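The structure under discussion appears below in the form of structure tokens.
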Amino acid sequence: MEKNDIKETAQISTIKNDSTVPSSKKTKWNIVLTIFTVLTNVLVAYLLNYASNYASFSKTIFILINVGVLLILLLLDFFVFYSIRSMKMGSYIFTAVLLCVLLAIGGYGSYAAIRIQGNIDSITSTEQKESVTAAFVVYKGNSTVVAEENDLNGKTIAVVKGSQTASIAKQRLANENITAEYKEYNGYTEAYKALVTGEVDCAVLTSTWQSLFEEDQTFSKYIDQCSSISNFSGAVVDTNSEGANKDLTKEPFTILLTGENEGLADTIMVLSVNPVSMKVTMTSIARDSYVPIACYGSSSKINGAHATSEECMVQTVENMLGITIDYTVEFNFASVIQVVDAVGGVDVDISESFDAQCWDIASDSLEVYHLDAGDNVHLNGTLALGFARERYAFTDGDFARQRHQQEIIEQVMQKIMATKNPNTILDVMDAAGSNIQTNFTRDQIVNFISYSMKKANRYYGDNLSGVFNIVHSRVYGYDSTMYDSYSKLDLYIYRIYNGSIRDTKAAIDRNMDLNSAIGTSVPVSWSAATEYEAPPISQEYYNEAKTTSEASGHV
């Protein structure tokens, strides 16, 4: 063997023994490792910056995590530097695997962070774009024949003042070059009344107008004589007013919780939260409650206030109860279904079997499922919505509906607070992001949750669901009628007891006052032999006059 051949063989043997990377591949490995290292550092920096928004959950843990992550990055960068200098295959492979693992962790963390941040921004945004559906409804008893949209040219159309349905209806007809005269009314009930009395040729109502009026004892008989000539939808921008500037860890606050259904408030609840005692009063208001509407200048059913604006609803509730609403939370049918599904469903007691009117999100339409009576019945989101909406199957009617709504909300709150599954939180945030709107700020939400977690860990271990003491109540009233001299109809209303308003306000005021003495608005008796139950906030009955023409006597 020649001398040169022996020398070349010795060089190859040395390379194999040292496991070094050939110089031709060195550049490629270095480029790959450098790119992966830069990506990993960028992702980690983004996550640390994002996590700083939520450092108030635990500053100690946040600092430890930051120090730990930075040390890992330093070690990673050292391994990369060592691999490039040593050119050993083993070092390259080890560093590449470590980079891939960290990239996968950082990638998922960034994906989750973007999802959460996007949803929080959507929930707390002062402006939210949403799709609104409506219908052109006509009455067969009218002398004017309107069979299609083109027939509306030159006709008189009833719209609800300031409503989103009025906006998209006017825009739709304008796009089709149809000119009509619009008459504004305070709420859908007034618009519907104008239609069946012949005051207008057509009325712009919600797409679910049948379900809206089938529960009205006066107008339900006209439903079969009315029909929609077309259903349509349009995009609108909903503007939310700013909430109060309060420290939620120290100052009591109130929340108006509304469940929106085609512009109307299907669910109305007032919550007062005392962050010191962690006591929460949850008070339901019947959607048919006949009260002065702030933006109307006259009285009507309270759910109609929401058709004009959230601000109108807030002012109406404030005037009704004599309190200040600090924050608002608005949700729709889709949020109930998706949030309940995200927490794994709810378990309820069903006293009567019934056909539940549920909602199909995909088709945006009603669907019916049969629910059998039973104890501890597990319901998914769709069935939970149907259970929360039903009142006719139960002897106490609307009382049952409000009780079931509060029960579902409380269960969902407890499950969210108790969960340790990050995917559940992500699913809840996804459901809330596109279907819930509030004027809490992100910092207020984070600080209050952090505060609640610390209280729960101090007194309840890791069971966050037990930290709140929720007291359920409702504003009581009675079924009544109001004679309408124009239509010569007795209009169904739910008139509120003044005593119930007084006691409800007193309970909220007590919960909001950090210096108030402990007391109740009703007599309390208790025996050591029986399980203690918190006294009710309001009585079911007050000895007040009941007439069909209270206040002004006519409408």
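Ordered as shown in the structure tokens, chains take letters A, B, and onward, while each chain numbers its residues from 1 and ligands are numbered from 1 in the order shown.
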
- Find the residues around Asp479 (chain A) up to 12 Å (only C-alpha atoms counted), leave out those fewer than 5 positions away in its own chain, and share them as a PyMOL selection string. chain A and resi 216-217+286+288-290+397-398+491-497+546-548

- Message: I'd like to know which residues of region 164-399 of chain A are strand (DSSP E or B) (by DSSP, run on the backbone); could you write them as a ChimeraX atom specification?
- Response: /A:181-185,202-206,226-239,253-261,264-274,279-284,289-293,298-301,327-332,346-350,354-360,365-371,374-379

Could you give me, as CSV, a per-residue list for region 72-178 of chain A showing, wherever an atom lies at most 9 Å from an atom of region 421-426 of chain A, the closest pair of atoms and their distance in Å to one decimal, using only C-alpha atoms and sorting by chain then residue number from low to high?
```
residue,atom,partner,partner_atom,distance
A:Ala112,CA,A:Leu426,CA,7.3
A:Arg115,CA,A:Leu426,CA,7.4
A:Ile116,CA,A:Leu426,CA,6.7
```

- Message: Give me, as a PyMOL selection string, all polymer residues having an atom no more than 6 Å from region 155-162 of chain A, counting only C-alpha atoms and skipping those fewer than 6 positions away in the same chain.
- Response: chain A and resi 180-187+191+200-204+308

How about saving the chosen residues, C-alpha atoms kept, as a compact mmCIF listing (two decimals), in the first residue's frame?
```
# COMPACT_ATOMS: atom_id res chain seq x y z
CA ALA A 180 -91.56 52.77 2.61
CA GLU A 181 -92.81 54.85 5.51
CA TYR A 182 -91.39 53.75 8.85
CA LYS A 183 -93.27 54.21 12.12
CA GLU A 184 -91.26 53.76 15.32
CA TYR A 185 -92.65 51.97 18.38
CA ASN A 186 -91.39 51.30 21.87
CA GLY A 187 -90.68 47.58 21.77
CA ALA A 191 -95.01 47.03 16.89
CA VAL A 200 -99.34 49.48 9.76
CA ASP A 201 -99.08 47.15 6.76
CA CYS A 202 -96.05 45.25 8.00
CA ALA A 203 -93.90 44.95 11.12
CA VAL A 204 -90.18 44.26 11.44
CA THR A 308 -83.09 49.52 21.98
```

- alpha helix (DSSP H) call set, DSSP backbone run, region 226-408 of chain A, as a ChimeraX atom specification: /A:305-308,310-321,333-342,381-389,398-408

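Restricting the calculation to only C-alpha atoms, the smallest distance between Ala96 (chain A) and any of A:Ala456, A:Leu33, A:Ile120, A:Leu385 is found for A:Leu33.
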
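Note that the spacing between CA of Asp509 (chain A) and CA of Thr328 (chain A) amounts to 18.2 Å.
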
- Pick out the closest residue to Glu407 (chain A) from this set: A:Ser284, A:Asn439, A:Val273, A:Met313. Count only C-alpha atoms.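 For Glu407 (chain A), the nearest of the given residues is A:Ser284.
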
Per-residue nearest contacts region 172-218 of chain A to region 358-371 of chain A, cut-off 10 Å, using only C-alpha atoms, as CSV:
```
residue,atom,partner,partner_atom,distance
A:Ser207,CA,A:Ser365,CA,9.4
A:Thr208,CA,A:Ser365,CA,8.6
A:Ser211,CA,A:Leu366,CA,9.6
```

- Item | Shell of 8 Å around Val339 (chain A), only C-alpha atoms, local chain residues under 4 positions omitted, as a PyMOL selection string | chain A and resi 335+343+381+412+427-428+431-432

- Have a look at A:Leu248, A:Ala169, A:Ala104, A:Leu48 and name the one nearest to Ile445 (chain A); count only C-alpha atoms. A:Leu248

- note - CA of Glu149 (chain A) and CA of Ile229 (chain A) are separated by 7.0 Å

- Message: Rounded to one decimal, what separation in Å do you get between CA of Ala305 (chain A) and CA of Ile501 (chain A)?
- Response: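 Going from CA of Ala305 (chain A) over to CA of Ile501 (chain A) covers 18.5 Å.
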
- Task: Can you pull out every residue within 8 Å of Glu540 (chain A), counting only C-alpha atoms, but drop anything in the same chain fewer than 2 positions away, and send it as a PyMOL selection string?
- Result: chain A and resi 476-477+500+538+542

Output file for the residues above (N, CA and C atoms, as a PDB file, in the first residue's frame):
```pdb
ATOM      1  N   TYR A 476     -90.460  39.481  42.924  1.00  0.00           N
ATOM      2  CA  TYR A 476     -91.776  38.868  42.789  1.00  0.00           C
ATOM      3  C   TYR A 476     -92.830  39.878  42.331  1.00  0.00           C
ATOM      4  N   GLY A 477     -93.833  39.340  41.670  1.00  0.00           N
ATOM      5  CA  GLY A 477     -94.966  40.138  41.231  1.00  0.00           C
ATOM      6  C   GLY A 477     -96.147  39.229  40.979  1.00  0.00           C
ATOM      7  N   SER A 500     -91.405  43.825  47.100  1.00  0.00           N
ATOM      8  CA  SER A 500     -90.329  42.960  46.633  1.00  0.00           C
ATOM      9  C   SER A 500     -89.153  43.799  46.125  1.00  0.00           C
ATOM     10  N   SER A 538     -86.639  38.115  49.362  1.00  0.00           N
ATOM     11  CA  SER A 538     -87.943  38.731  49.116  1.00  0.00           C
ATOM     12  C   SER A 538     -89.057  37.736  49.398  1.00  0.00           C
ATOM     13  N   TYR A 542     -97.059  40.055  48.731  1.00  0.00           N
ATOM     14  CA  TYR A 542     -97.180  41.271  49.540  1.00  0.00           C
ATOM     15  C   TYR A 542     -98.627  41.745  49.470  1.00  0.00           C
TER      16      TYR A 542
END
```

- Item | Surrounding residues of Ala113 (chain A) excluding itself and chain neighbours under 3 positions, 8 Å, only C-alpha atoms, as a list in words |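 Near Ala113 (chain A), the qualifying residues are Leu47, Tyr50, Gly109, Ser110, Ile116 and Gln117 of chain A.
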
Those residues with N, CA, C and O atoms, as a compact mmCIF listing (two decimals), in the first residue's frame please?
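The result, written out as again.txt:
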```txt
# COMPACT_ATOMS: atom_id res chain seq x y z
N LEU A 47 -43.94 34.10 25.07
CA LEU A 47 -44.73 33.52 26.14
C LEU A 47 -44.48 34.23 27.48
O LEU A 47 -45.40 34.46 28.25
N TYR A 50 -46.27 37.50 27.31
CA TYR A 50 -47.71 37.29 27.44
C TYR A 50 -48.07 36.93 28.88
O TYR A 50 -49.04 37.45 29.45
N GLY A 109 -47.74 26.41 23.52
CA GLY A 109 -47.97 27.50 24.45
C GLY A 109 -48.36 28.78 23.74
O GLY A 109 -49.27 29.50 24.17
N SER A 110 -47.69 29.07 22.63
CA SER A 110 -48.02 30.27 21.86
C SER A 110 -49.41 30.17 21.25
O SER A 110 -50.17 31.15 21.23
N ILE A 116 -56.33 32.39 23.91
CA ILE A 116 -56.85 33.02 25.12
C ILE A 116 -56.88 34.53 24.97
O ILE A 116 -57.88 35.19 25.29
N GLN A 117 -55.78 35.10 24.48
CA GLN A 117 -55.72 36.56 24.36
C GLN A 117 -56.76 37.07 23.38
O GLN A 117 -57.42 38.09 23.62
```

- Item | Contact residues around Phe36 (chain A) with only C-alpha atoms at 10 Å, ignoring same-chain residues under 2 positions, as number ranges by chain | A: 30-34, 38-42, 80, 95-96, 99-100, 102-103
